[in-house]
Every structure is written in structure tokens, then in C-alpha cells.
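Listing of structure-v3.txt, compact mmCIF, C-alpha atoms and all ligand atoms
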```txt
# COMPACT_ATOMS: atom_id res chain seq x y z
CA MET A 18 -0.97 -5.41 21.05
CA HIS A 19 0.72 -2.01 20.78
CA ILE A 20 1.20 -1.36 17.06
CA PHE A 21 3.30 1.41 15.53
CA ILE A 22 2.15 2.63 12.09
CA THR A 23 4.19 4.92 9.85
CA GLY A 24 2.17 6.94 7.31
CA VAL A 25 -0.85 6.68 9.62
CA ALA A 26 -2.64 9.61 7.95
CA GLY A 27 -2.31 7.97 4.54
CA PHE A 28 -4.96 6.01 2.67
CA ILE A 29 -3.95 2.52 3.80
CA GLY A 30 -2.31 3.50 7.12
CA ALA A 31 -5.45 5.29 8.36
CA ASN A 32 -7.75 2.46 7.25
CA ALA A 33 -5.45 -0.03 9.00
CA ALA A 34 -5.35 2.03 12.20
CA ASN A 35 -9.13 2.32 12.18
CA GLN A 36 -9.65 -1.45 11.97
CA LEU A 37 -6.89 -2.28 14.47
CA LEU A 38 -8.32 0.15 17.04
CA ALA A 39 -11.78 -1.33 16.47
CA ILE A 40 -10.57 -4.81 17.42
CA GLY A 41 -8.92 -3.55 20.61
CA HIS A 42 -5.29 -2.86 19.69
CA ARG A 43 -3.39 0.22 20.82
CA VAL A 44 -1.96 2.27 17.93
CA THR A 45 0.78 4.90 17.84
CA GLY A 46 1.24 6.48 14.44
CA ILE A 47 3.56 8.94 12.72
CA ASP A 48 3.00 11.03 9.59
CA ASN A 49 4.50 14.27 8.25
CA LEU A 50 1.19 15.28 6.57
CA ASN A 51 3.11 16.32 3.45
CA ASP A 52 1.39 18.05 0.54
CA TYR A 53 1.96 15.44 -2.19
CA TYR A 54 -1.84 15.55 -2.17
CA ASP A 55 -4.30 17.67 -0.17
CA PRO A 56 -3.18 17.48 3.50
CA GLN A 57 -6.77 18.25 4.58
CA LEU A 58 -7.75 14.72 3.52
CA LYS A 59 -4.96 13.36 5.74
CA LYS A 60 -6.16 15.51 8.68
CA ASP A 61 -9.73 14.29 8.14
CA ARG A 62 -8.57 10.67 8.15
CA LEU A 63 -6.72 11.35 11.43
CA GLN A 64 -9.76 13.00 12.95
CA ARG A 65 -11.63 9.69 12.67
CA LEU A 66 -8.90 8.01 14.71
CA GLU A 67 -8.36 10.67 17.34
CA GLY A 68 -11.68 9.99 19.09
CA ASP A 69 -10.22 6.68 20.31
CA ASN A 70 -8.08 6.99 23.45
CA LYS A 71 -6.02 3.97 22.36
CA PHE A 72 -4.64 6.12 19.52
CA GLN A 73 -1.67 8.45 19.71
CA PHE A 74 -0.38 10.61 16.83
CA VAL A 75 3.11 12.03 16.33
CA LYS A 76 3.74 14.53 13.54
CA GLY A 77 7.20 14.08 12.04
CA ASN A 78 9.46 12.95 9.20
CA ILE A 79 10.54 9.35 9.55
CA GLN A 80 13.89 10.12 7.95
CA ASP A 81 14.85 12.73 10.56
CA PRO A 82 17.57 11.14 12.68
CA GLY A 83 16.46 10.26 16.20
CA ILE A 84 12.67 10.57 15.86
CA LEU A 85 11.96 6.88 15.30
CA ALA A 86 14.78 5.80 17.64
CA GLY A 87 13.18 7.86 20.42
CA LEU A 88 9.70 6.52 19.78
CA PHE A 89 10.93 2.91 19.72
CA ALA A 90 12.93 3.39 22.93
CA ASP A 91 9.85 4.64 24.80
CA GLY A 92 7.08 2.83 22.94
CA GLY A 93 7.34 -0.89 23.70
CA PHE A 94 5.92 -1.68 20.26
CA ASP A 95 4.83 -5.29 19.68
CA ALA A 96 4.49 -4.82 15.93
CA VAL A 97 5.28 -2.22 13.28
CA ILE A 98 3.34 -1.49 10.09
CA HIS A 99 5.42 0.66 7.74
CA MET A 100 3.32 2.54 5.19
CA ALA A 101 5.06 5.94 5.04
CA ALA A 102 6.52 6.41 1.59
CA GLN A 103 6.53 8.65 -1.40
CA ALA A 104 4.11 6.62 -3.51
CA GLY A 105 3.09 6.87 -7.16
CA VAL A 106 4.70 5.50 -10.33
CA ARG A 107 3.98 8.52 -12.51
CA TYR A 108 5.16 11.18 -10.04
CA SER A 109 8.52 9.38 -9.78
CA ILE A 110 9.25 10.10 -13.45
CA ASP A 111 9.50 13.85 -12.80
CA ASN A 112 10.38 13.89 -9.09
CA PRO A 113 12.77 10.99 -8.44
CA ARG A 114 14.63 12.79 -5.65
CA SER A 115 11.59 12.91 -3.37
CA TYR A 116 11.66 9.08 -3.26
CA LEU A 117 15.10 8.97 -1.71
CA ASP A 118 14.27 10.59 1.62
CA SER A 119 11.03 8.85 2.55
CA ASN A 120 11.57 5.47 0.94
CA LEU A 121 15.28 4.81 1.36
CA VAL A 122 16.47 7.00 4.25
CA GLY A 123 13.12 6.70 6.08
CA THR A 124 13.16 2.90 5.87
CA PHE A 125 16.78 2.86 6.99
CA GLU A 126 15.92 4.94 10.10
CA LEU A 127 13.03 2.58 10.85
CA LEU A 128 15.27 -0.49 10.62
CA GLU A 129 17.87 1.18 12.84
CA ALA A 130 15.24 2.04 15.46
CA ALA A 131 14.00 -1.56 15.37
CA ARG A 132 17.53 -2.93 15.72
CA ALA A 133 17.91 -1.07 19.02
CA ASN A 134 14.41 -1.96 20.30
CA PRO A 135 13.11 -4.94 18.32
CA PRO A 136 9.38 -5.47 17.93
CA LYS A 137 8.06 -9.03 17.56
CA HIS A 138 7.11 -8.49 13.91
CA MET A 139 7.61 -5.78 11.29
CA LEU A 140 5.27 -5.52 8.31
CA LEU A 141 6.60 -3.29 5.52
CA ALA A 142 4.77 -2.10 2.41
CA SER A 143 6.28 -2.85 -0.97
CA THR A 144 4.41 -2.90 -4.26
CA SER A 145 3.35 -5.04 -7.20
CA SER A 146 5.48 -2.63 -9.27
CA ALA A 147 8.48 -4.51 -7.85
CA TYR A 148 7.69 -7.27 -10.39
CA GLY A 149 8.59 -4.71 -13.08
CA ALA A 150 9.06 -6.21 -16.54
CA ASN A 151 8.05 -9.75 -15.50
CA THR A 152 5.48 -11.19 -17.90
CA GLU A 153 4.84 -14.54 -16.20
CA MET A 154 1.39 -14.24 -14.61
CA PRO A 155 0.14 -14.45 -11.97
CA TYR A 156 3.06 -12.88 -10.15
CA GLN A 157 4.47 -15.26 -7.53
CA GLU A 158 6.62 -14.03 -4.65
CA VAL A 159 9.36 -16.56 -5.50
CA GLN A 160 9.79 -15.21 -9.05
CA LYS A 161 12.95 -13.25 -9.72
CA ALA A 162 12.04 -9.56 -9.83
CA ASP A 163 15.08 -7.72 -11.09
CA HIS A 164 13.79 -5.34 -13.76
CA GLN A 165 11.88 -2.47 -12.15
CA MET A 166 10.35 -0.04 -14.65
CA SER A 167 10.11 3.12 -12.51
CA PHE A 168 12.24 4.77 -9.87
CA TYR A 169 9.36 4.35 -7.38
CA ALA A 170 9.49 0.58 -7.92
CA ALA A 171 13.29 0.62 -7.72
CA THR A 172 13.22 2.31 -4.30
CA LYS A 173 10.59 -0.14 -3.03
CA LYS A 174 12.59 -3.14 -4.27
CA ALA A 175 15.65 -1.63 -2.58
CA THR A 176 13.76 -1.46 0.74
CA GLU A 177 13.07 -5.19 0.40
CA ALA A 178 16.81 -5.85 0.15
CA MET A 179 17.58 -3.46 3.03
CA ALA A 180 14.97 -5.13 5.25
CA HIS A 181 16.28 -8.59 4.36
CA SER A 182 19.77 -7.68 5.49
CA TYR A 183 18.48 -6.40 8.86
CA ALA A 184 16.30 -9.49 9.29
CA HIS A 185 19.40 -11.62 8.71
CA LEU A 186 21.90 -9.65 10.76
CA TYR A 187 19.70 -8.81 13.76
CA ALA A 188 17.10 -11.64 13.69
CA LEU A 189 14.30 -9.10 13.10
CA PRO A 190 11.15 -10.91 11.87
CA ILE A 191 10.00 -9.00 8.76
CA THR A 192 7.15 -9.54 6.30
CA MET A 193 7.19 -7.39 3.15
CA PHE A 194 3.89 -6.92 1.34
CA ARG A 195 3.49 -6.37 -2.34
CA PHE A 196 0.18 -4.50 -2.68
CA PHE A 197 -1.83 -4.51 -5.90
CA THR A 198 -3.70 -1.26 -6.87
CA VAL A 199 -5.64 -0.57 -3.70
CA TYR A 200 -8.94 1.34 -3.91
CA GLY A 201 -11.82 2.21 -1.62
CA PRO A 202 -13.15 4.90 0.76
CA TRP A 203 -10.64 7.55 1.91
CA GLY A 204 -8.52 6.81 -1.19
CA ARG A 205 -5.70 8.82 -2.70
CA PRO A 206 -6.60 11.76 -4.97
CA ASP A 207 -3.59 11.03 -7.21
CA MET A 208 -4.95 7.56 -8.06
CA ALA A 209 -7.32 6.71 -10.89
CA PRO A 210 -10.62 6.17 -8.98
CA ILE A 211 -10.76 9.69 -7.50
CA LYS A 212 -9.42 11.32 -10.66
CA PHE A 213 -12.03 9.46 -12.71
CA ALA A 214 -14.93 10.22 -10.36
CA ARG A 215 -14.07 13.92 -10.22
CA LYS A 216 -13.72 14.29 -13.99
CA ILE A 217 -16.81 12.24 -14.83
CA LEU A 218 -18.88 14.46 -12.56
CA ASP A 219 -17.27 17.62 -14.03
CA GLY A 220 -17.82 16.37 -17.58
CA THR A 221 -14.10 16.70 -18.40
CA PRO A 222 -12.27 13.90 -20.28
CA ILE A 223 -10.50 11.19 -18.28
CA ASP A 224 -7.06 10.04 -19.44
CA VAL A 225 -7.16 6.34 -20.31
CA TYR A 226 -3.64 5.03 -20.82
CA ASN A 227 -2.57 2.38 -23.33
CA HIS A 228 -5.94 2.99 -25.07
CA GLY A 229 -7.62 1.21 -22.16
CA ASN A 230 -5.68 -1.97 -22.77
CA MET A 231 -4.72 -2.33 -19.10
CA ARG A 232 -5.59 -4.91 -16.46
CA ARG A 233 -5.16 -4.42 -12.75
CA ASP A 234 -5.60 -6.75 -9.80
CA PHE A 235 -7.64 -4.08 -7.98
CA THR A 236 -7.75 -4.77 -4.22
CA TYR A 237 -10.41 -3.35 -1.94
CA VAL A 238 -8.83 -1.56 1.00
CA ASP A 239 -10.83 -3.34 3.74
CA ASP A 240 -9.76 -6.72 2.33
CA LEU A 241 -6.15 -5.64 2.30
CA VAL A 242 -6.34 -4.45 5.91
CA ARG A 243 -8.00 -7.70 6.96
CA ALA A 244 -5.16 -9.68 5.38
CA LEU A 245 -2.63 -7.44 7.07
CA THR A 246 -4.33 -7.88 10.45
CA LEU A 247 -4.25 -11.68 10.10
CA LEU A 248 -0.58 -11.58 9.12
CA LEU A 249 0.37 -9.69 12.29
CA ASP A 250 0.50 -13.04 14.11
CA LYS A 251 2.44 -14.78 11.35
CA ALA A 252 5.99 -13.60 11.97
CA PRO A 253 8.37 -15.55 9.74
CA THR A 254 10.31 -18.32 11.49
CA GLN A 255 12.82 -20.83 10.13
CA THR A 256 10.17 -23.23 8.83
CA PRO A 257 8.72 -22.80 5.35
CA ILE A 258 5.00 -23.36 4.80
CA ALA A 259 4.33 -26.78 3.25
CA ASP A 260 2.63 -27.31 -0.14
CA VAL A 261 3.04 -23.73 -1.37
CA ALA A 262 5.87 -21.77 -2.99
CA ASP A 263 7.08 -19.98 0.15
CA SER A 264 9.28 -16.90 -0.28
CA LEU A 265 10.79 -17.41 3.19
CA SER A 266 14.47 -16.51 3.16
CA PRO A 267 16.87 -19.41 3.72
CA VAL A 268 18.98 -17.21 6.03
CA ALA A 269 16.59 -14.81 7.78
CA PRO A 270 13.11 -14.53 9.33
CA PHE A 271 11.99 -12.68 6.19
CA ARG A 272 9.25 -13.31 3.70
CA VAL A 273 7.53 -11.44 0.82
CA VAL A 274 3.74 -11.79 0.55
CA ASN A 275 1.41 -10.58 -2.23
CA ILE A 276 -1.82 -8.97 -1.10
CA GLY A 277 -4.01 -8.86 -4.18
CA ASN A 278 -7.34 -10.10 -5.44
CA ASN A 279 -6.06 -12.88 -7.75
CA LYS A 280 -8.61 -11.61 -10.27
CA PRO A 281 -7.41 -8.94 -12.71
CA VAL A 282 -10.05 -6.54 -14.03
CA GLU A 283 -9.95 -4.67 -17.35
CA LEU A 284 -9.48 -0.94 -16.76
CA LEU A 285 -12.47 -0.20 -19.03
CA ASP A 286 -14.66 -2.47 -16.86
CA PHE A 287 -13.47 -0.64 -13.75
CA ILE A 288 -14.39 2.67 -15.41
CA SER A 289 -17.83 1.27 -16.33
CA GLU A 290 -18.45 0.40 -12.67
CA ILE A 291 -17.62 3.96 -11.64
CA GLU A 292 -19.92 5.31 -14.38
CA MET A 293 -22.75 3.06 -13.21
CA SER A 294 -22.34 4.05 -9.56
CA LEU A 295 -22.21 7.75 -10.47
CA GLY A 296 -25.02 7.43 -13.03
CA LYS A 297 -22.95 9.34 -15.59
CA GLN A 298 -20.82 8.38 -18.62
CA ALA A 299 -17.13 9.30 -18.88
CA VAL A 300 -15.63 11.19 -21.81
CA GLN A 301 -12.52 9.15 -22.57
CA ASN A 302 -9.23 10.59 -23.75
CA LEU A 303 -7.37 7.54 -25.08
CA MET A 304 -3.64 7.90 -24.50
CA GLU A 305 -0.41 5.99 -25.16
CA MET A 306 1.14 3.89 -22.41
CA GLN A 307 2.79 6.00 -19.69
CA ALA A 308 6.53 5.64 -19.19
CA GLY A 309 7.33 3.45 -16.18
CA ASP A 310 3.93 1.75 -16.17
CA VAL A 311 3.02 -1.87 -16.92
CA ALA A 312 0.01 -3.13 -18.89
CA ALA A 313 -1.13 -5.77 -16.42
CA THR A 314 -0.78 -6.95 -12.83
CA TRP A 315 -2.08 -10.19 -11.32
CA ALA A 316 -1.32 -11.50 -7.86
CA ASP A 317 -0.86 -15.14 -7.00
CA THR A 318 -2.36 -15.25 -3.50
CA ALA A 319 -1.64 -18.88 -2.58
CA LEU A 320 0.99 -17.90 -0.02
CA LEU A 321 -1.32 -15.36 1.66
CA GLU A 322 -4.05 -18.00 1.80
CA ALA A 323 -1.70 -20.66 3.22
CA LEU A 324 -0.53 -18.26 5.94
CA THR A 325 -3.90 -16.78 6.93
CA GLY A 326 -6.68 -18.87 5.39
CA TYR A 327 -7.89 -15.65 3.77
CA VAL A 328 -7.68 -13.90 0.40
CA PRO A 329 -9.29 -10.63 -0.73
CA ARG A 330 -12.60 -11.33 -2.42
CA THR A 331 -14.65 -8.11 -2.61
CA ASP A 332 -16.14 -7.89 -6.09
CA ILE A 333 -15.47 -4.59 -7.91
CA LYS A 334 -19.22 -3.95 -8.16
CA ILE A 335 -19.42 -3.79 -4.37
CA GLY A 336 -16.05 -2.14 -3.82
CA VAL A 337 -16.56 0.58 -6.44
CA LYS A 338 -20.04 1.33 -5.10
CA ALA A 339 -18.62 1.75 -1.56
CA PHE A 340 -15.88 4.00 -2.96
CA VAL A 341 -18.35 6.16 -4.91
CA ASP A 342 -20.69 6.45 -1.90
CA TRP A 343 -17.78 7.69 0.20
CA TYR A 344 -16.61 10.04 -2.59
CA GLN A 345 -20.01 11.66 -2.87
CA SER A 346 -20.48 12.05 0.87
CA TYR A 347 -16.94 13.43 1.40
CA TYR A 348 -16.64 15.73 -1.61
CA GLY A 349 -20.32 16.52 -1.90
N1 LIG B 1 -2.37 2.54 -2.64
C1 LIG B 1 -1.87 1.60 -3.44
O1 LIG B 1 -2.49 1.15 -4.41
C2 LIG B 1 -0.50 1.01 -3.14
C3 LIG B 1 -0.04 -0.01 -3.99
C4 LIG B 1 1.22 -0.55 -3.74
C5 LIG B 1 1.95 -0.12 -2.67
N2 LIG B 1 1.49 0.87 -1.86
C6 LIG B 1 2.32 1.29 -0.73
O2 LIG B 1 1.53 1.28 0.44
C7 LIG B 1 1.95 2.32 1.31
C8 LIG B 1 0.79 3.20 1.69
O3 LIG B 1 0.26 3.78 0.50
P1 LIG B 1 -0.98 4.76 0.49
O4 LIG B 1 -1.72 4.50 -0.75
O5 LIG B 1 -1.66 4.72 1.80
O6 LIG B 1 -0.22 6.15 0.30
P2 LIG B 1 -0.43 7.57 1.03
O7 LIG B 1 0.43 8.54 0.29
O8 LIG B 1 -1.87 7.87 1.16
O9 LIG B 1 0.17 7.31 2.47
C9 LIG B 1 1.53 7.51 2.82
C10 LIG B 1 1.56 8.42 4.04
O10 LIG B 1 2.92 8.52 4.46
C11 LIG B 1 3.18 9.87 4.79
N3 LIG B 1 4.61 10.08 4.57
C12 LIG B 1 5.26 10.04 3.38
N4 LIG B 1 6.56 10.28 3.58
C13 LIG B 1 6.74 10.45 4.91
C14 LIG B 1 7.86 10.72 5.73
N5 LIG B 1 9.06 10.87 5.18
N6 LIG B 1 7.69 10.83 7.06
C15 LIG B 1 6.46 10.68 7.62
N7 LIG B 1 5.35 10.43 6.90
C16 LIG B 1 5.50 10.32 5.55
C17 LIG B 1 2.32 10.71 3.87
O11 LIG B 1 2.02 11.98 4.41
C18 LIG B 1 1.07 9.84 3.74
O12 LIG B 1 0.06 10.23 4.68
C19 LIG B 1 3.08 3.06 0.60
O13 LIG B 1 4.30 2.55 1.06
C20 LIG B 1 2.86 2.71 -0.86
O14 LIG B 1 4.05 2.77 -1.59
C21 LIG B 1 0.26 1.45 -2.08
```
Is it possible to express this structure as C-alpha cells?
Amino acid sequence: MHIFITGVAGFIGANAANQLLAIGHRVTGIDNLNDYYDPQLKKDRLQRLEGDNKFQFVKGNIQDPGILAGLFADGGFDAVIHMAAQAGVRYSIDNPRSYLDSNLVGTFELLEAARANPPKHMLLASTSSAYGANTEMPYQEVQKADHQMSFYAATKKATEAMAHSYAHLYALPITMFRFFTVYGPWGRPDMAPIKFARKILDGTPIDVYNHGNMRRDFTYVDDLVRALTLLLDKAPTQTPIADVADSLSPVAPFRVVNIGNNKPVELLDFISEIEMSLGKQAVQNLMEMQAGDVAATWADTALLEALTGYVPRTDIKIGVKAFVDWYQSYYG
């Protein structure tokens, strides 16, 4: 298969490209290598991919008119994995404007390019933050999700609606993923695991929000990519899956799928695992809840399992150890 990945130098995009190349697919990827976090990390992720002659990289902004249209016209893409976005709940409090270009305009340009040259399946990243103020746990894809708590989540939820309309109008098969706090090797420096590891080693206090009273359905990146790879062949059709609450649209080849662990972990337990792997205790700075954030996330993964026969299972002991091993070898 020839697969087009946006945000291919990002944490999840690069890990996905790596695994897809390893199982024989051809990958073309785009990224603008922006400086939201250290671009050197993005270049280093790309360097791992560039040794494979089935990989091609294009540097560019997805929202620039014509770039994606040109790539789709020439590419003959069988599938698209859309990861490029301005991510981060907390950053969106102070920098909401930066979410408009990548998330809304960028996704619009992608949908337009696909309308002209349709791939067989498009897989687009959304987020567990789309569930917003919902308190019914675990989160099921068929729940109403109308009360986003941050502008990041609002833009991601908007891309779900945009994609649905294109799936309906132009018969584009689209699966939207809601990811749940992804962690692992080559992770993002703006996310808790790297911030914690760095500060624990430095001996500086780590910020622990909501006094540590937080639970996250942490998902190991390799598990997430495996689920994504299995879903490539599961383009939505008109027929709902039996015996499970299927989010399939009644009017479009469009479905929303959670990719999570179905096993929320207390933040303080996650921190303990990092401490154990590093062999050093954290100094904790207990803080109030951050604006825009939620206290808990928990994915119902029945739909993912019904579609693929697979759900993420890596225990945090193993996942955190793999993350810390990578952190120490990469950052020294
Ligand atoms: N990591 C998580 O825990 C998590 C959770 C939920 C959802 N997501 C979503 O998954 C996707 C991937 O996240 P990630 O953690 O790999 O983030 P990331 O920031 O590491 O990757 C995104 C990549 O997209 C690129 N990019 C951003 N805007 C672009 C643009 N306009 N044009 C071209 N390239 C652009 C960035 O340079 C970056 O390399 C995102 O859509 C994110 O919102 C991630």
C-alpha cells in the first residue's frame, strides 16, 4: 500500500511510518518541522525513516493552498493517516490562534485534496479531549460529546464534523481516532513523561496538577500504531458491526474509534513508575487543576476490538521502562 502521512516527523506519525515501512508499505510524509518543540527531535525521528528507500519526505505546511492537492494528484495514495496538528491542551489556552491554521485550515486542505483524488481510506487523528465535560465512563464513541473544555479539543471536534460532511458528500471512507494520552519512545517534550523525567533527573520539582488526583488511560505508542495499522483495512461501509455500539454514521462511510488502553492509571502511579525506572524520587509541586483540563479519561475499546480483534495492552511498568530507556539513550 502507498500511505500518505501528515505530521510524519511528529511523535505518533514517525512511529507509525517506522512500523508501516517495516511491514512493507510505501510511505510518503509531510511535515513543516515547526518549533512548537525542539525541531531537532523531529529531524532525528525523520533520520530513522530516511534510510528506507520506500520512504519519501516533503517539507511543507499542510494549510498552504495547493501543496496537498499536488501531492494527491501525483501520489496515487491508497490510504491517508492525518496526524499533523497543533497539539496540546495547555498551549491552546494562551495560543488559540495557532490551532486555526494547522487543525482547521490544514484539515480542510486535506479533505479538498482527497475529494479530487480519493484514497481508499482516510484515518484522521482526533482526541479523547473531544469528550470534554462528559462524566459517564468509560467514554464510548456513541456518547454525545458537545462540551469541549479547551480550544484544542474544540478544533479537533470541529475536524470530526468537517470530515463527516466530506465523507457524506463525496463518499470518502473516513475513520476518526480519539487517542488517549499516548506515551513511549520518541515522545513529545511538552508532555508529562519527558517533563517529569527531565526534572526528576535535574532534581527540580515537577508540577502535579489537581494535587495528583488525575487518572489517564495512558496508551503505549506501539500499541496505538498496531491498532492503527489493523484499522487501515477496515474502511467504513454501510453495514454497522453487530453486537457492539457502532459509531458508524447513518448517512456516510464515517466512524469514530477510540484507541486507548481501557485501563485508567492514577497519575501518581505513573510518576512512581518513572521514578522506579530512573532510580530517583521526584520532588512534587502539587498544583490546582489546570484550566481546560479534565480529571480523568477512560476509553471503551469494544468497538476497536470488534473491528480489529485487538486492543492496547502494554502494562505501564513495561511501557514506562521502554520510555525511560529511550529517554536516557537519546538525551544522555
Ligand atoms: N500524543 C498524544 O497523546 C495525543 C493524544 C490525542 C490526540 N493526539 C493527536 O495525534 C496527532 C499526532 O500527535 P503527536 O503527539 O504525534 O504530536 P506532534 O506534535 O509530535 O506531531 C505533529 C506533527 O505535525 C507537524 N505539523 C503541525 N502542524 C503542521 C502543519 N500545519 N503542516 C505540516 N506539519 C505540521 C508538527 O511539526 C509535528 O511534527 C495530533 O493530531 C494530535 O492532536 C495526540
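Using all atoms listed in the file, the smallest distance between any of A:Gln345, A:Gln57, A:Asn230, A:Ser115 and Leu295 in chain A comes from A:Gln345.
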The residue from A:Met154, A:Met100, A:Val311, A:Leu117 with the smallest atom-to-atom distance to Leu245 in chain A, counting all atoms listed in the file, is A:Met100
Note to self: Can you pull out the residues contacting range 318-320 of chain A? Cut-off 12 Å, using all atoms listed in the file, and skip same-chain residues under 2 positions away; I want them as a PyMOL selection string.
What the structure shows: chain A and resi 154-159+194-197+234+236+241+244+248+251+257-265+272-280+315-316+322-330
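Taking all atoms listed in the file into account, ligand LIG 1 (chain B) lies nearest to A:Tyr116 out of the set A:Phe94, A:Tyr116, A:Phe213, A:Phe271.
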query = Using all atoms listed in the file, which residues sit within 10 Å of Ala131 in chain A once same-chain residues fewer than 4 positions away are excluded, as a ChimeraX atom specification?
reply = /A:85-86,89-90,94,97,125-127,135-139,183,187,189
One decimal place gives the CA of Arg65 in chain A-CA of Ile211 in chain A separation as 20.2 Å
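Look at everything within 9 Å of (5.6, 5.1, -18.2) using all atoms listed in the file, and the residues you get are Val106, Arg107, Ile110, Met166, Ser167, Met306, Gln307, Ala308, Gly309, Asp310 and Val311 of chain A.
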Could you dump the residues just selected with C-alpha atoms as a PDB file, keeping the file's coordinate frame?
```pdb
ATOM      1  CA  VAL A 106       4.700   5.500 -10.330  1.00  0.00           C
ATOM      2  CA  ARG A 107       3.980   8.520 -12.510  1.00  0.00           C
ATOM      3  CA  ILE A 110       9.250  10.100 -13.450  1.00  0.00           C
ATOM      4  CA  MET A 166      10.350  -0.040 -14.650  1.00  0.00           C
ATOM      5  CA  SER A 167      10.110   3.120 -12.510  1.00  0.00           C
ATOM      6  CA  MET A 306       1.140   3.890 -22.410  1.00  0.00           C
ATOM      7  CA  GLN A 307       2.790   6.000 -19.690  1.00  0.00           C
ATOM      8  CA  ALA A 308       6.530   5.640 -19.190  1.00  0.00           C
ATOM      9  CA  GLY A 309       7.330   3.450 -16.180  1.00  0.00           C
ATOM     10  CA  ASP A 310       3.930   1.750 -16.170  1.00  0.00           C
ATOM     11  CA  VAL A 311       3.020  -1.870 -16.920  1.00  0.00           C
TER      12      VAL A 311
END
```
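Considering only C-alpha atoms, the residue among A:Pro210, A:Ser145, A:Arg205, A:Ala188 positioned nearest to Gly27 in chain A is A:Arg205.
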Can you tell me, as a ChimeraX atom specification, what residues are no more than 9 Å from Val44 in chain A when counting all atoms listed in the file, ignoring any on the same chain fewer than 2 positions away? /A:18-22,34,37-38,42,46,71-74
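You can rank A:Asp48, A:Asp163, A:Asp219, A:Glu292 by their closest distance to ligand LIG 1 (chain B) using all atoms listed in the file, and at the top of that list sits A:Asp48.
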Judged by all atoms listed in the file, the minimum distance to His181 in chain A among A:Ser266, A:Gln298, A:Thr144, A:Thr256 is found for A:Ser266
